[in-house]
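Text of protein-v7.cif, listed as mmCIF, C-alpha atoms:
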```
data_upload
loop_
_atom_site.label_atom_id
_atom_site.label_comp_id
_atom_site.auth_asym_id
_atom_site.auth_seq_id
_atom_site.Cartn_x
_atom_site.Cartn_y
_atom_site.Cartn_z
CA MET A 1 118.46 102.74 103.25
CA GLY A 2 121.78 103.22 105.03
CA GLY A 3 123.94 105.91 103.45
CA ALA A 4 121.77 106.20 100.36
CA MET A 5 119.60 108.91 101.87
CA THR A 6 119.95 111.78 104.32
CA LEU A 7 116.65 113.00 105.75
CA THR A 8 115.90 116.22 107.55
CA LEU A 9 113.99 115.95 110.82
CA ALA A 10 111.12 117.88 109.29
CA ALA A 11 110.61 115.15 106.71
CA LEU A 12 109.93 112.66 109.49
CA ALA A 13 107.11 114.64 111.11
CA TYR A 14 103.56 113.50 110.50
CA PRO A 15 101.42 114.84 108.79
CA SER A 16 104.12 116.52 106.73
CA MET A 17 105.42 113.17 105.51
CA LEU A 18 101.99 112.45 104.06
CA GLY A 19 102.61 115.46 101.92
CA LEU A 20 99.17 117.05 101.76
CA SER A 21 99.76 119.30 104.74
CA THR A 22 103.34 120.50 104.85
CA VAL A 23 105.47 122.27 107.42
CA SER A 24 106.85 124.74 104.90
CA SER A 25 105.34 127.09 102.34
CA SER A 26 108.16 126.33 99.91
CA PRO A 27 107.36 123.35 97.65
CA SER A 28 110.90 123.54 96.22
CA ARG A 29 112.48 122.98 99.64
CA VAL A 30 114.68 119.88 99.52
CA ILE A 31 113.73 117.48 102.32
CA ALA A 32 116.00 114.57 101.36
CA ASP A 33 119.08 113.90 99.26
CA THR A 34 118.66 110.51 97.63
CA GLN A 35 120.66 108.48 95.13
CA TRP A 36 117.93 109.23 92.58
CA GLY A 37 118.17 112.99 93.00
CA PRO A 38 116.95 115.52 95.59
CA LEU A 39 113.43 115.08 96.94
CA THR A 40 111.43 118.26 97.47
CA GLU A 41 108.24 118.88 99.40
CA ALA A 42 106.38 119.10 96.10
CA ASP A 43 107.80 115.73 95.01
CA ARG A 44 106.69 114.08 98.24
CA ASP A 45 103.26 115.70 98.04
CA PHE A 46 102.85 114.42 94.51
CA VAL A 47 103.59 110.77 95.38
CA VAL A 48 101.04 110.94 98.20
CA LYS A 49 98.43 112.64 96.03
CA VAL A 50 98.73 109.93 93.38
CA ARG A 51 98.31 107.25 96.04
CA ALA A 52 95.34 109.06 97.63
CA ALA A 53 93.67 109.47 94.24
CA GLY A 54 93.76 105.73 93.69
CA LEU A 55 92.32 105.02 97.12
CA TRP A 56 89.01 106.62 96.15
CA GLU A 57 88.92 106.44 92.34
CA TYR A 58 89.64 102.69 92.21
CA PRO A 59 86.58 101.86 94.38
CA VAL A 60 84.53 104.40 92.42
CA GLY A 61 85.46 102.45 89.31
CA GLN A 62 84.15 99.30 90.97
CA ILE A 63 80.93 101.10 91.88
CA GLY A 64 80.62 102.35 88.31
CA LEU A 65 80.79 98.80 86.94
CA GLN A 66 77.82 97.92 89.16
CA LYS A 67 75.71 101.09 88.88
CA GLY A 68 76.64 102.65 85.56
CA SER A 69 73.71 102.74 83.14
CA SER A 70 75.58 103.73 79.98
CA LYS A 71 78.35 102.15 77.95
CA GLY A 72 80.50 105.27 78.36
CA VAL A 73 80.36 105.11 82.17
CA ILE A 74 81.14 101.39 82.18
CA THR A 75 84.16 101.97 79.94
CA ALA A 76 85.35 104.88 82.10
CA SER A 77 84.99 102.70 85.22
CA GLN A 78 87.20 100.04 83.67
CA HIS A 79 89.84 102.66 82.89
CA LEU A 80 89.76 103.94 86.49
CA ILE A 81 90.41 100.49 87.92
CA ASP A 82 93.07 99.61 85.37
CA GLY A 83 94.97 102.90 85.51
CA HIS A 84 94.97 103.39 89.27
CA ALA A 85 96.01 99.81 89.99
CA ALA A 86 99.14 100.38 87.89
CA LEU A 87 99.84 103.79 89.42
CA ASP A 88 99.39 102.34 92.90
CA THR A 89 101.98 99.65 92.20
CA THR A 90 104.47 102.33 91.20
CA CYS A 91 103.68 104.47 94.26
CA ARG A 92 104.08 101.55 96.64
CA LYS A 93 107.38 100.64 94.99
CA ILE A 94 109.03 104.07 95.21
CA ALA A 95 107.59 105.25 98.54
CA PRO A 96 109.84 103.12 100.78
CA MET A 97 112.81 103.91 98.54
CA LEU A 98 112.23 107.62 99.19
CA ASN A 99 111.07 107.12 102.80
CA ILE A 100 107.62 108.52 102.04
CA THR A 101 104.74 107.34 104.23
CA LEU A 102 101.65 106.51 102.18
CA PRO A 103 98.07 106.70 103.46
CA ASN A 104 95.78 103.68 103.50
CA VAL A 105 92.60 105.77 103.37
CA ALA A 106 91.69 108.68 101.11
CA SER A 107 91.05 112.17 102.49
CA PRO A 108 87.65 113.04 104.01
CA GLN A 109 86.85 115.15 100.94
CA GLN A 110 87.62 112.20 98.64
CA VAL A 111 85.63 109.81 100.83
CA GLY A 112 82.78 112.28 100.48
CA PHE A 113 82.90 111.90 96.70
CA VAL A 114 82.67 108.12 97.11
CA ASN A 115 79.72 108.39 99.50
CA GLN A 116 77.89 110.74 97.16
CA LEU A 117 78.24 108.31 94.27
CA LYS A 118 77.21 105.40 96.45
CA SER A 119 73.96 107.20 97.21
CA ASP A 120 73.26 108.06 93.55
CA SER A 121 71.42 105.85 91.09
CA GLY A 122 70.46 105.75 87.44
CA LYS A 123 71.09 108.82 85.30
CA GLN A 124 72.06 110.89 88.35
CA PHE A 125 74.86 108.46 89.12
CA ASP A 126 76.19 108.60 85.57
CA THR A 127 76.10 112.41 85.51
CA ASP A 128 77.73 112.89 88.91
CA PHE A 129 80.30 110.21 88.13
CA ALA A 130 81.42 111.90 84.89
CA ASN A 131 81.48 115.43 86.29
CA ILE A 132 83.15 114.72 89.63
CA LEU A 133 85.88 112.66 88.01
CA ARG A 134 86.41 115.09 85.13
CA MET A 135 86.80 117.89 87.68
CA THR A 136 89.24 116.03 89.93
CA HIS A 137 91.36 114.72 87.06
CA GLY A 138 91.47 118.16 85.51
CA SER A 139 92.72 119.56 88.80
CA ILE A 140 95.55 117.04 89.21
CA PHE A 141 96.56 117.25 85.54
CA ASN A 142 98.16 120.66 86.08
CA THR A 143 100.03 119.32 89.11
CA VAL A 144 101.38 116.39 87.10
CA ALA A 145 102.73 118.75 84.43
CA LYS A 146 104.43 120.99 86.99
CA ILE A 147 106.10 118.09 88.79
CA ARG A 148 107.23 116.53 85.51
CA SER A 149 108.84 119.79 84.40
CA THR A 150 110.55 120.64 87.70
CA THR A 151 111.50 117.49 89.63
CA LYS A 152 115.14 116.46 89.78
CA ASN A 153 114.28 113.04 91.21
CA SER A 154 114.24 110.27 88.60
CA LEU A 155 111.76 108.08 90.53
CA VAL A 156 109.28 110.93 90.88
CA ARG A 157 109.80 111.84 87.25
CA ALA A 158 108.95 108.29 86.19
CA LEU A 159 105.76 108.37 88.28
CA ALA A 160 104.84 111.71 86.71
CA ASP A 161 105.27 110.25 83.22
CA GLN A 162 102.92 107.40 84.09
CA ALA A 163 100.45 109.71 85.84
CA ASN A 164 100.38 112.06 82.85
CA ASP A 165 99.31 109.27 80.52
CA THR A 166 96.79 107.87 83.00
CA VAL A 167 95.16 111.16 83.96
CA LEU A 168 94.85 112.26 80.34
CA ASP A 169 93.24 108.92 79.50
CA HIS A 170 90.77 109.33 82.35
CA ILE A 171 89.91 112.89 81.35
CA THR A 172 89.27 111.62 77.83
CA VAL A 173 86.98 108.74 78.80
CA MET A 174 84.97 111.00 81.11
CA GLU A 175 84.42 113.42 78.24
CA LYS A 176 83.44 110.57 75.93
CA THR A 177 80.49 109.77 78.20
CA GLY A 178 78.83 112.90 76.78
CA LEU A 179 77.73 113.84 80.30
CA VAL A 180 80.30 116.46 81.27
CA ASP A 181 78.92 119.94 81.94
CA PHE A 182 82.07 121.84 80.98
CA ASP A 183 80.95 125.23 82.32
CA GLN A 184 80.17 123.86 85.76
CA THR A 185 83.06 121.41 85.89
CA LEU A 186 85.71 123.89 84.81
CA PHE A 187 84.39 126.46 87.28
CA GLN A 188 84.67 123.93 90.11
CA GLN A 189 88.10 122.86 88.87
CA THR A 190 89.50 126.40 88.78
CA THR A 191 87.63 127.74 91.82
CA PRO A 192 87.87 124.95 94.38
CA PRO A 193 86.37 125.45 97.85
CA LYS A 194 88.81 126.49 100.57
CA LEU A 195 88.69 123.49 102.87
CA PRO A 196 90.57 122.96 106.13
CA ASP A 197 93.67 120.77 106.01
CA SER A 198 91.82 118.05 107.92
CA ASP A 199 89.41 117.62 104.98
CA VAL A 200 92.05 117.29 102.29
CA THR A 201 94.69 115.28 104.17
CA PRO A 202 94.41 111.48 104.40
CA PRO A 203 94.66 110.13 107.94
CA PRO A 204 97.92 108.43 108.92
CA PRO A 205 98.03 104.67 108.52
CA ALA A 206 97.38 102.76 111.73
CA VAL A 207 100.41 101.10 113.29
CA GLY A 208 100.72 97.53 112.04
CA GLN A 209 97.93 97.95 109.49
CA PRO A 210 98.59 95.99 106.28
CA GLU A 211 99.22 98.21 103.30
CA VAL A 212 96.15 98.52 101.07
CA VAL A 213 96.88 97.12 97.60
CA LEU A 214 94.83 98.05 94.55
CA THR A 215 94.72 94.79 92.60
CA PRO A 216 95.00 95.03 88.80
CA PRO A 217 92.00 93.63 86.93
CA PRO A 218 92.41 90.36 84.96
CA THR A 219 92.18 92.37 81.73
CA ALA A 220 94.72 95.02 82.78
CA THR A 221 96.37 96.93 79.98
CA SER A 222 98.18 99.57 82.07
CA THR A 223 101.60 98.65 83.43
CA PRO A 224 103.60 100.06 86.36
CA VAL A 225 106.90 101.82 85.78
CA ASP A 226 109.99 99.60 85.62
CA ILE A 227 111.45 101.08 88.77
CA ASP A 228 114.14 98.41 89.05
CA GLY A 229 115.47 99.56 85.68
CA ILE A 230 115.52 103.20 86.80
CA ALA A 231 116.84 102.64 90.30
CA GLY A 232 120.38 101.93 89.16
CA GLY A 233 120.65 105.29 87.44
CA GLY A 234 122.09 107.14 90.41
CA ASN A 235 121.33 110.81 91.06
CA THR A 236 121.71 111.93 87.47
CA GLY A 237 117.94 111.73 87.02
CA GLY A 238 117.61 108.99 84.44
CA GLY A 239 120.96 109.20 82.62
CA ASN A 240 123.30 106.30 82.01
CA ALA A 241 122.80 103.51 84.48
CA GLY A 242 125.53 103.14 87.01
CA PRO A 243 126.23 101.35 90.27
CA GLY A 244 124.20 102.32 93.27
CA ALA A 245 122.86 100.93 96.49
CA SER A 246 120.14 98.34 95.97
CA PRO A 247 116.70 99.76 96.67
CA SER A 248 114.72 98.40 99.57
CA PRO A 249 111.80 96.25 98.41
CA ALA A 250 108.33 97.74 98.77
CA PRO A 251 106.22 96.10 101.49
CA THR A 252 103.15 94.22 100.35
CA ALA A 253 99.99 93.36 102.19
CA PRO A 254 99.60 89.71 103.18
#
```
Represent the structure contained in this file as structure tokens.
Amino acid sequence: MGGAMTLTLAALAYPSMLGLSTVSSSPSRVIADTQWGPLTEADRDFVVKVRAAGLWEYPVGQIGLQKGSSKGVITASQHLIDGHAALDTTCRKIAPMLNITLPNVASPQQVGFVNQLKSDSGKQFDTDFANILRMTHGSIFNTVAKIRSTTKNSLVRALADQANDTVLDHITVMEKTGLVDFDQTLFQQTTPPKLPDSDVTPPPPAVGQPEVVLTPPPTATSTPVDIDGIAGGGNTGGGNAGPGASPSPAPTAP
């Protein structure tokens, strides 16, 4: 990135650069000054959380297409695949521009959700599917709103706009299944278990491992953010476009 970005040493330390386990208790701490605005710990955490969400919810959508026994669950599964493929494209585009390391595997807690749904069948699958995903989307929805209202980084703000639409859509389709137990789900959403960092932090990507790509379905209706159009806006956070250093292209898996 040359002179476009100045990073603190703390931002280069793993696992802090994954964002889910940070070296500071201050989410507003600026860890990098970029041409698209300052990047805080909370901004970095958010990009990683969106990526990690796709790494387990996209395959759950694929499982739902195979195991879902109701029209509502099938529709919700299609929305998961569609929405997270588009979000993943945006994450993979902005991460190298902001020097954020993305995981290739979801956190152990998220993998646990996948394994639980893999072991379910019939009505139990449909019920667990709707309630687990309504709970997790409800939890991240508040985070999306906070990032959108506080970030000064135009790339993160664009991702938050997209995530807001996607998460709200996913909450809605889960509720339309008619299977959500709101009392139980909202309790779990607002009173999450206190898990160790190792359970909620994705493992670092292996050296030389190709980046996992969530492929959009043939019938995709969700679209990634036009990052190239935003990238020229400088550090004014989405104002008038102006000259700036060309962003580095996002790596893609072979």
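If only C-alpha atoms are the atoms counted, then among A:Gln62, A:Ser28, A:Thr101, A:Asn131 the closest residue to Glu175 (chain A) is A:Asn131.
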Pick from A:Lys67, A:Lys146, A:Arg44, A:Lys194: nearest to Met97 (chain A), with all atoms listed in the file counted? A:Arg44
Here is a test: counting all atoms listed in the file, which residue of A:Thr75, A:Gln66, A:Asn99, A:Asn104 is nearest to Ser121 (chain A)? A:Gln66
Apply the PyMOL selection byres ((chain A and resi 150-163) around 10) to the structure shown and report the selected residues as a ChimeraX atom specification. /A:28,33-40,42-44,46-47,50,83-84,86-88,90-91,93-95,97-98,140-141,143-149,164-169,222-227,230-231,233-239
I need the residue nearest Asp82 (chain A) from this list: A:Lys49, A:Pro103, A:Leu133, A:Pro59. Use only C-alpha atoms for the distance. A:Pro59
Selected by the PyMOL selection byres ((chain A and resi 212) around 12) in the shown coordinates: which residues, as a ChimeraX atom specification? /A:51-52,54-56,58,85,88-89,91-92,102-106,205-206,208-211,213-215,251-254
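Here CA of Glu57 (chain A) and CA of Val111 (chain A) stand 9.7 Å from one another.
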Atomic distance CA of Ala220 (chain A) - CA of Lys118 (chain A), expressed in Å with one decimal: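 So the answer is 24.5 Å.
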CA of Val30 (chain A) to CA of Pro202 (chain A): how many Å, to one decimal?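 We find that CA of Val30 (chain A) and CA of Pro202 (chain A) lie 22.5 Å from each other.
Distances here use all atoms listed in the file; by that measure, the residue among A:Ser107, A:Ser139, A:Ser77, A:Ser69 closest to Phe125 (chain A) is A:Ser69.
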Which one is closest to Thr221 (chain A): A:Gln184, A:His79, A:Val73, A:Gly64? Count all atoms listed in the file.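 The closest residue to Thr221 (chain A) is A:His79.
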